[in-house]
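Trainee: Below is the file run-v9.cif, with mmCIF, C-alpha atoms.
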```cif
data_protein
#
loop_
_atom_site.group_PDB
_atom_site.id
_atom_site.type_symbol
_atom_site.label_atom_id
_atom_site.label_comp_id
_atom_site.auth_asym_id
_atom_site.auth_seq_id
_atom_site.Cartn_x
_atom_site.Cartn_y
_atom_site.Cartn_z
ATOM 1 C CA THR A 6 137.373 85.254 115.640
ATOM 2 C CA MET A 7 135.052 87.421 113.575
ATOM 3 C CA LYS A 8 136.178 90.983 114.022
ATOM 4 C CA THR A 9 134.243 94.260 114.000
ATOM 5 C CA ARG A 10 137.285 96.393 114.662
ATOM 6 C CA ASN A 11 137.135 98.284 111.351
ATOM 7 C CA LEU A 12 133.777 99.747 112.417
ATOM 8 C CA PHE A 13 135.658 102.270 114.559
ATOM 9 C CA ALA A 14 137.322 103.570 111.410
ATOM 10 C CA VAL A 15 133.912 103.630 109.693
ATOM 11 C CA LEU A 16 132.416 105.978 112.242
ATOM 12 C CA PHE A 17 135.555 108.057 112.696
ATOM 13 C CA LEU A 18 135.502 108.836 108.973
ATOM 14 C CA ALA A 19 131.776 109.536 108.940
ATOM 15 C CA GLY A 20 132.237 112.337 111.461
ATOM 16 C CA ALA A 21 133.279 114.825 108.804
ATOM 17 C CA PHE A 22 129.892 114.449 107.117
ATOM 18 C CA LEU A 23 127.752 114.536 110.236
ATOM 19 C CA ALA A 24 129.464 117.255 112.284
ATOM 20 C CA GLY A 25 127.254 120.243 112.918
ATOM 21 C CA MET A 26 123.912 118.612 112.100
ATOM 22 C CA THR A 27 121.685 119.260 115.145
ATOM 23 C CA SER A 28 118.131 118.939 116.374
ATOM 24 C CA CYS A 29 116.325 119.271 119.692
ATOM 25 C CA SER A 30 114.240 116.658 121.472
ATOM 26 C CA LYS A 31 110.771 117.489 122.813
ATOM 27 C CA ASP A 32 112.034 117.648 126.392
ATOM 28 C CA ASN A 33 114.280 120.553 125.306
ATOM 29 C CA LYS A 34 117.455 118.614 125.937
ATOM 30 C CA GLU A 35 119.617 119.236 122.914
ATOM 31 C CA VAL A 36 120.732 116.043 121.243
ATOM 32 C CA THR A 37 122.853 116.552 118.170
ATOM 33 C CA ASN A 38 123.692 114.207 115.355
ATOM 34 C CA THR A 39 127.304 114.734 116.349
ATOM 35 C CA ASP A 40 126.419 113.420 119.834
ATOM 36 C CA ALA A 41 124.792 110.384 118.257
ATOM 37 C CA LEU A 42 127.837 109.738 116.114
ATOM 38 C CA ALA A 43 130.070 110.076 119.191
ATOM 39 C CA VAL A 44 127.962 107.414 120.941
ATOM 40 C CA ALA A 45 128.340 105.052 117.972
ATOM 41 C CA THR A 46 132.064 105.772 117.720
ATOM 42 C CA ASP A 47 132.650 105.049 121.422
ATOM 43 C CA ASP A 48 130.724 101.802 121.086
ATOM 44 C CA ALA A 49 132.845 100.820 118.088
ATOM 45 C CA LEU A 50 136.019 101.852 119.930
ATOM 46 C CA ALA A 51 135.089 99.575 122.830
ATOM 47 C CA ASP A 52 134.396 96.725 120.379
ATOM 48 C CA ASN A 53 137.734 97.424 118.704
ATOM 49 C CA LEU A 54 139.674 97.159 121.965
ATOM 50 C CA PHE A 55 137.826 94.102 123.260
ATOM 51 C CA ASP A 56 138.319 92.406 119.863
ATOM 52 C CA ASP A 57 142.050 93.120 120.081
ATOM 53 C CA ALA A 58 142.225 91.585 123.560
ATOM 54 C CA MET A 59 140.138 88.590 122.463
ATOM 55 C CA ASP A 60 142.428 87.957 119.497
ATOM 56 C CA GLU A 61 145.149 87.388 122.064
ATOM 57 C CA THR A 62 143.048 84.989 124.124
ATOM 58 C CA ASP A 63 141.934 83.090 121.005
ATOM 59 C CA GLN A 64 145.507 82.538 119.861
ATOM 60 C CA VAL A 65 146.809 81.677 123.324
ATOM 61 C CA ASN A 66 143.971 79.213 123.895
ATOM 62 C CA LEU A 67 144.336 77.525 120.501
ATOM 63 C CA ASP A 68 148.103 77.194 120.847
ATOM 64 C CA ALA A 69 147.812 75.946 124.416
ATOM 65 C CA ASP A 70 145.278 73.332 123.335
ATOM 66 C CA ALA A 71 147.474 72.269 120.397
ATOM 67 C CA ASN A 72 150.481 71.948 122.731
ATOM 68 C CA GLY A 73 148.604 69.811 125.239
ATOM 69 C CA PHE A 74 148.568 72.761 127.678
ATOM 70 C CA SER A 75 152.279 72.189 128.302
ATOM 71 C CA ASN A 76 153.995 75.071 130.058
ATOM 72 C CA ASP A 77 157.323 74.177 128.465
ATOM 73 C CA ALA A 78 155.883 74.447 124.971
ATOM 74 C CA LEU A 79 154.063 77.651 125.825
ATOM 75 C CA LYS A 80 157.103 79.301 127.356
ATOM 76 C CA SER A 81 159.192 78.352 124.366
ATOM 77 C CA ALA A 82 156.646 79.862 122.032
ATOM 78 C CA TYR A 83 155.543 82.846 124.060
ATOM 79 C CA LEU A 84 158.345 84.058 126.294
ATOM 80 C CA ASN A 85 158.822 86.927 123.891
ATOM 81 C CA GLY A 86 160.151 90.085 125.534
ATOM 82 C CA SER A 87 157.597 90.958 128.153
ATOM 83 C CA LYS A 88 154.745 88.603 127.329
ATOM 84 C CA MET A 89 154.460 85.390 129.376
ATOM 85 C CA VAL A 90 151.882 82.583 129.317
ATOM 86 C CA VAL A 91 151.481 80.140 132.234
ATOM 87 C CA VAL A 92 148.990 77.246 132.610
ATOM 88 C CA ASP A 93 147.988 76.183 136.118
ATOM 89 C CA LYS A 94 147.328 72.518 135.147
ATOM 90 C CA PRO A 95 149.749 71.709 132.304
ATOM 91 C CA ASP A 96 148.001 68.575 131.020
ATOM 92 C CA THR A 97 145.008 67.524 128.906
ATOM 93 C CA VAL A 98 143.126 65.777 131.726
ATOM 94 C CA ASN A 99 142.473 68.156 134.600
ATOM 95 C CA PHE A 100 139.841 70.850 134.060
ATOM 96 C CA PRO A 101 138.941 73.600 134.596
ATOM 97 C CA LYS A 102 142.293 75.247 134.051
ATOM 98 C CA THR A 103 143.412 78.853 134.068
ATOM 99 C CA ILE A 104 145.854 80.327 131.573
ATOM 100 C CA THR A 105 147.506 83.548 132.762
ATOM 101 C CA VAL A 106 148.917 85.954 130.185
ATOM 102 C CA THR A 107 151.072 88.769 131.578
ATOM 103 C CA TYR A 108 152.255 91.767 129.515
ATOM 104 C CA GLN A 109 154.806 94.446 130.284
ATOM 105 C CA ASN A 110 154.993 97.028 127.510
ATOM 106 C CA TRP A 111 154.559 94.223 124.973
ATOM 107 C CA MET A 112 154.020 95.391 121.402
ATOM 108 C CA GLY A 113 152.121 93.002 119.166
ATOM 109 C CA PRO A 114 152.129 92.755 115.371
ATOM 110 C CA ASN A 115 149.522 95.555 115.125
ATOM 111 C CA GLY A 116 151.885 97.998 116.877
ATOM 112 C CA ARG A 117 149.730 98.412 119.978
ATOM 113 C CA VAL A 118 151.302 98.217 123.434
ATOM 114 C CA LYS A 119 149.746 95.930 126.041
ATOM 115 C CA ASN A 120 150.245 95.949 129.815
ATOM 116 C CA GLY A 121 148.694 93.985 132.653
ATOM 117 C CA THR A 122 147.194 90.528 132.959
ATOM 118 C CA ILE A 123 144.503 88.494 131.182
ATOM 119 C CA TYR A 124 143.073 85.391 132.880
ATOM 120 C CA ILE A 125 141.566 82.701 130.638
ATOM 121 C CA THR A 126 139.600 79.887 132.294
ATOM 122 C CA VAL A 127 138.451 76.888 130.200
ATOM 123 C CA ASN A 128 136.327 73.923 131.295
ATOM 124 C CA LYS A 129 137.341 71.532 128.489
ATOM 125 C CA ARG A 130 139.170 71.386 125.178
ATOM 126 C CA TRP A 131 138.157 73.730 122.357
ATOM 127 C CA MET A 132 135.202 72.944 120.043
ATOM 128 C CA ARG A 133 133.700 70.316 122.319
ATOM 129 C CA ALA A 134 130.003 70.914 122.923
ATOM 130 C CA GLY A 135 129.607 72.609 126.286
ATOM 131 C CA TYR A 136 132.988 74.328 126.065
ATOM 132 C CA VAL A 137 133.074 77.568 128.070
ATOM 133 C CA ARG A 138 135.926 80.077 128.179
ATOM 134 C CA THR A 139 135.807 82.945 130.668
ATOM 135 C CA VAL A 140 138.128 85.925 130.218
ATOM 136 C CA THR A 141 138.835 88.551 132.884
ATOM 137 C CA PHE A 142 141.358 91.383 133.157
ATOM 138 C CA GLU A 143 143.625 92.782 135.865
ATOM 139 C CA ASN A 144 145.172 96.233 135.334
ATOM 140 C CA PHE A 145 145.097 95.431 131.614
ATOM 141 C CA SER A 146 145.473 98.159 129.003
ATOM 142 C CA ILE A 147 146.038 98.625 125.281
ATOM 143 C CA ASN A 148 147.847 101.843 124.320
ATOM 144 C CA GLY A 149 146.790 103.342 127.636
ATOM 145 C CA TYR A 150 143.101 102.381 127.309
ATOM 146 C CA LYS A 151 142.270 100.324 130.406
ATOM 147 C CA ILE A 152 139.927 97.371 129.811
ATOM 148 C CA GLU A 153 137.637 95.773 132.416
ATOM 149 C CA GLY A 154 134.824 93.241 132.360
ATOM 150 C CA THR A 155 134.074 89.547 131.977
ATOM 151 C CA LYS A 156 133.745 87.949 128.568
ATOM 152 C CA THR A 157 132.312 84.438 128.235
ATOM 153 C CA ILE A 158 132.667 82.389 125.046
ATOM 154 C CA SER A 159 130.515 79.252 124.820
ATOM 155 C CA TYR A 160 130.534 76.618 122.087
ATOM 156 C CA LEU A 161 126.990 75.252 121.880
ATOM 157 C CA GLY A 162 127.709 72.580 119.306
ATOM 158 C CA PHE A 163 125.326 72.364 116.345
ATOM 159 C CA VAL A 164 122.259 74.606 116.529
ATOM 160 C CA ASN A 165 119.921 74.342 113.542
ATOM 161 C CA ASP A 166 122.615 72.210 111.887
ATOM 162 C CA LYS A 167 125.280 74.943 112.203
ATOM 163 C CA PRO A 168 128.214 75.198 114.660
ATOM 164 C CA THR A 169 127.268 78.027 117.014
ATOM 165 C CA ILE A 170 129.184 80.162 119.503
ATOM 166 C CA THR A 171 127.819 82.728 121.930
ATOM 167 C CA VAL A 172 129.883 85.631 123.276
ATOM 168 C CA ASN A 173 128.640 87.595 126.275
ATOM 169 C CA LEU A 174 130.377 90.646 127.733
ATOM 170 C CA GLU A 175 129.287 91.748 131.209
ATOM 171 C CA ASN A 176 130.363 94.884 133.084
ATOM 172 C CA GLY A 177 132.511 95.902 130.145
ATOM 173 C CA LYS A 178 134.344 99.152 130.676
ATOM 174 C CA ILE A 179 136.953 101.185 128.807
ATOM 175 C CA ILE A 180 138.804 103.919 130.694
ATOM 176 C CA THR A 181 140.430 106.293 128.225
ATOM 177 C CA PRO A 182 143.927 107.734 128.730
ATOM 178 C CA GLY A 183 142.164 110.983 129.660
ATOM 179 C CA GLY A 184 140.186 109.278 132.452
ATOM 180 C CA LYS A 185 136.809 109.085 130.694
ATOM 181 C CA THR A 186 134.729 105.904 131.071
ATOM 182 C CA ILE A 187 132.851 104.005 128.343
ATOM 183 C CA GLN A 188 130.444 101.305 129.540
ATOM 184 C CA HIS A 189 129.930 98.394 127.162
ATOM 185 C CA GLN A 190 127.696 95.296 127.226
ATOM 186 C CA ARG A 191 127.223 92.679 124.487
ATOM 187 C CA GLN A 192 125.305 89.479 123.805
ATOM 188 C CA ILE A 193 126.457 88.021 120.493
ATOM 189 C CA THR A 194 125.792 84.789 118.590
ATOM 190 C CA ARG A 195 128.210 83.628 115.886
ATOM 191 C CA THR A 196 126.966 80.991 113.466
ATOM 192 C CA TRP A 197 129.361 79.141 111.178
ATOM 193 C CA GLU A 198 127.111 79.315 108.132
ATOM 194 C CA TYR A 199 129.379 77.876 105.446
ATOM 195 C CA GLY A 200 132.699 76.080 105.329
ATOM 196 C CA TRP A 201 132.478 74.018 108.495
ATOM 197 C CA GLN A 202 132.142 70.886 106.364
ATOM 198 C CA SER A 203 135.716 71.416 105.108
ATOM 199 C CA PRO A 204 137.700 72.209 108.298
ATOM 200 C CA LEU A 205 141.088 71.931 106.577
ATOM 201 C CA TRP A 206 140.131 74.528 103.940
ATOM 202 C CA ILE A 207 139.414 77.913 105.555
ATOM 203 C CA TRP A 208 138.793 79.983 102.433
ATOM 204 C CA ASP A 209 135.133 79.014 102.117
ATOM 205 C CA ASP A 210 134.335 79.965 105.727
ATOM 206 C CA VAL A 211 131.421 82.347 106.320
ATOM 207 C CA TRP A 212 130.220 83.459 109.755
ATOM 208 C CA PHE A 213 126.955 85.271 110.532
ATOM 209 C CA VAL A 214 126.940 87.473 113.634
ATOM 210 C CA THR A 215 123.750 88.569 115.408
ATOM 211 C CA GLY A 216 123.061 90.097 118.796
ATOM 212 C CA SER A 217 122.460 93.182 120.875
ATOM 213 C CA GLY A 218 123.967 95.302 123.595
ATOM 214 C CA SER A 219 123.955 98.568 125.485
ATOM 215 C CA GLY A 220 126.287 101.070 127.026
ATOM 216 C CA VAL A 221 127.101 104.604 128.077
ATOM 217 C CA ASP A 222 129.538 106.715 126.087
ATOM 218 C CA ARG A 223 132.305 108.884 127.555
ATOM 219 C CA ASN A 224 129.956 111.900 127.601
ATOM 220 C CA GLY A 225 127.325 110.096 129.690
ATOM 221 C CA PHE A 226 124.839 109.295 126.896
ATOM 222 C CA ALA A 227 123.177 105.892 127.309
ATOM 223 C CA TYR A 228 122.408 103.842 124.213
ATOM 224 C CA THR A 229 121.215 100.511 122.907
ATOM 225 C CA TYR A 230 122.847 98.448 120.158
ATOM 226 C CA ASN A 231 121.121 95.972 117.876
ATOM 227 C CA ILE A 232 122.239 93.989 114.842
ATOM 228 C CA LYS A 233 119.082 94.293 112.718
ATOM 229 C CA GLU A 234 120.430 92.196 109.855
ATOM 230 C CA ALA A 235 123.168 89.635 110.482
ATOM 231 C CA LEU A 236 126.726 90.816 109.884
ATOM 232 C CA GLN A 237 128.344 88.534 107.337
ATOM 233 C CA PHE A 238 132.061 87.832 107.660
ATOM 234 C CA HIS A 239 133.872 85.951 104.890
ATOM 235 C CA VAL A 240 137.431 84.696 105.297
ATOM 236 C CA GLY A 241 139.661 86.869 103.132
ATOM 237 C CA CYS A 242 137.503 90.006 103.527
ATOM 238 C CA PRO A 243 138.641 92.180 106.477
ATOM 239 C CA TRP A 244 135.267 93.934 106.960
ATOM 240 C CA PRO A 245 131.612 92.840 106.983
ATOM 241 C CA LYS A 246 130.250 92.099 103.508
ATOM 242 C CA ALA A 247 126.669 92.704 104.590
ATOM 243 C CA GLY A 248 124.539 93.473 107.618
ATOM 244 C CA VAL A 249 122.850 96.371 109.407
ATOM 245 C CA ILE A 250 123.611 97.789 112.869
ATOM 246 C CA GLU A 251 121.263 100.163 114.686
ATOM 247 C CA ILE A 252 122.413 102.284 117.640
ATOM 248 C CA VAL A 253 119.819 104.374 119.501
ATOM 249 C CA GLU A 254 121.041 107.186 121.757
ATOM 250 C CA GLU A 255 118.824 107.706 124.831
ATOM 251 C CA GLY A 256 115.761 106.786 122.764
ATOM 252 C CA LYS A 257 116.111 109.942 120.692
ATOM 253 C CA LYS A 258 118.658 109.553 117.925
ATOM 254 C CA THR A 259 119.184 106.486 115.770
ATOM 255 C CA VAL A 260 122.391 105.741 113.895
ATOM 256 C CA THR A 261 122.074 103.051 111.219
ATOM 257 C CA ILE A 262 125.172 101.513 109.636
ATOM 258 C CA ASP A 263 124.515 99.400 106.527
ATOM 259 C CA PHE A 264 127.350 97.310 105.115
ATOM 260 C CA GLY A 265 125.677 96.584 101.794
ATOM 261 C CA ASP A 266 124.642 93.610 99.728
ATOM 262 C CA GLY A 267 127.429 91.086 100.178
ATOM 263 C CA THR A 268 130.205 92.592 98.065
ATOM 264 C CA CYS A 269 133.650 92.954 99.605
ATOM 265 C CA ASP A 270 133.920 96.576 98.471
ATOM 266 C CA ARG A 271 134.717 98.556 101.674
ATOM 267 C CA LYS A 272 131.518 100.588 101.186
ATOM 268 C CA PHE A 273 128.941 101.350 103.869
ATOM 269 C CA THR A 274 126.258 103.912 104.604
ATOM 270 C CA VAL A 275 125.629 105.839 107.814
ATOM 271 C CA THR A 276 122.155 107.306 108.387
ATOM 272 C CA ILE A 277 120.999 109.722 111.115
ATOM 273 C CA ASP A 278 117.591 111.425 111.021
ATOM 274 C CA GLY A 279 117.124 110.466 107.394
ATOM 275 C CA GLN A 280 120.475 111.995 106.446
ATOM 276 C CA THR A 281 122.574 109.329 104.719
ATOM 277 C CA THR A 282 126.149 109.370 103.575
ATOM 278 C CA GLN A 283 128.011 106.646 101.746
ATOM 279 C CA GLU A 284 131.604 106.098 102.747
ATOM 280 C CA ASP A 285 134.390 104.100 101.125
ATOM 281 C CA GLY A 286 137.437 103.432 103.226
ATOM 282 C CA LEU A 287 137.079 101.065 106.159
ATOM 283 C CA GLU A 288 140.851 100.985 106.537
ATOM 284 C CA GLY A 289 140.872 104.579 107.695
ATOM 285 C CA SER A 290 142.206 106.252 110.807
ATOM 286 C CA GLU A 291 142.342 104.393 114.104
ATOM 287 C CA GLY A 292 141.567 107.700 115.764
ATOM 288 C CA GLY A 293 144.755 107.973 117.763
ATOM 289 C CA LEU A 294 144.809 104.366 118.926
#
```
Kindly return the structure encoded in the file as structure tokens.
Mentor:
Amino acid sequence: TMKTRNLFAVLFLAGAFLAGMTSCSKDNKEVTNTDALAVATDDALADNLFDDAMDETDQVNLDADANGFSNDALKSAYLNGSKMVVVDKPDTVNFPKTITVTYQNWMGPNGRVKNGTIYITVNKRWMRAGYVRTVTFENFSINGYKIEGTKTISYLGFVNDKPTITVNLENGKIITPGGKTIQHQRQITRTWEYGWQSPLWIWDDVWFVTGSGSGVDRNGFAYTYNIKEALQFHVGCPWPKAGVIEIVEEGKKTVTIDFGDGTCDRKFTVTIDGQTTQEDGLEGSEGGL
């Protein structure tokens, strides 16, 4: 899975530069650059949490597929403390099937604690054209952040001679430990640009990510999200090498995040109202997560 989780750290770090910069819209409603940054940070936080949850579903699905969807194999591999995986049709013939993953204070390798249930429904085996995986949540949380919504991953086969996956998130919602709500929608296309010809050698893999979305941050500001230039993810580089994201808060403030020219250098720029700062340090704070 191509991750955008480091973007949360990007925007968290940029806050020091942008705090205090303000302007007023023509309708006299004050909209500050700090508000705009908060919108972008909440959007990135939601992406971060959904990416974390989807990492789990990716691994569970791949391992289940590799094990022939056998419950015995899954239990042997996954009955680890308070994480359990169960398949409703433990064979390779009967589809669709639902994989249920249940957590009780389970801490993964990243140190985050998961609780609740994820349901994964698949209509066929992975990487077959027409494959669709639907992911839903029941009382599911990561470090106290409750996650809701329906995420659908579809493998379209080859589109313009490239393996292509779409990822759609509907009714996405994050409820913070303090009870605030972040609404989050996404429509993403992932294209396997390079490396698919050598499936046994992952180190030449390059994915391009395009798409759009919308949401409402925890303070009630609505926004739109658009990938203006494809995000480029290279295996071995934990952040985008290139690409441009544009987030527009209530049609008034635009935040532009530019990841550069293709170098894996951790550098990015954040621009609001013509004010640009360059940051270096995508591995920064997780902001209390």
Trainee: Can you tell me which residues surround stretch 259-265 of chain A at a distance of at most 7 Å, considering all atoms listed in the file, apart from same-chain residues fewer than 6 positions away, and format the answer as a PyMOL selection string?
Mentor: chain A and resi 41+245-253+272-277
Trainee: Considering only C-alpha atoms, can you say which of A:Asp222, A:Thr215, A:Thr196, A:Gln188 comes closest to A:Glu234?
Mentor: A:Thr215
Trainee: Spell out the residues picked by the PyMOL selection byres ((chain A and resi 100) around 10) here, as a PyMOL selection string.
Mentor: chain A and resi 93-94+96-99+101-103+126-130
Trainee: Using only C-alpha atoms, pick whichever of A:Arg271, A:Arg223, A:His239, A:Lys151 has the shortest atom-to-atom distance to A:Asp48.
Mentor: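 Distance minimum relative to A:Asp48 lands on A:Arg223.
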Trainee: I'd like the contact shell of stretch 59-68 of chain A - 9 Å cut-off, all atoms listed in the file, skipping same-chain residues fewer than 2 positions apart - returned as a list in words.
Mentor: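 So the residues in contact are Thr6, Lys8, Leu54, Phe55, Asp56, Asp57, Asp70, Ala71, Asn72, Gly73, Phe74, Leu79, Tyr83, Val90, Ile104, Val106, Ile123, Tyr124, Ile125, Val127, Trp131, Val140 and Lys156 of chain A.
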Trainee: Would you list the contacts of A:Ser146 as a list in words, taking every protein, DNA or RNA residue within 6 Å and counting only C-alpha atoms, but skipping same-chain residues closer than 2 positions in sequence?
Mentor: Lys119, Asn120, Gly149, Tyr150, Lys151 and Ile152 of chain A
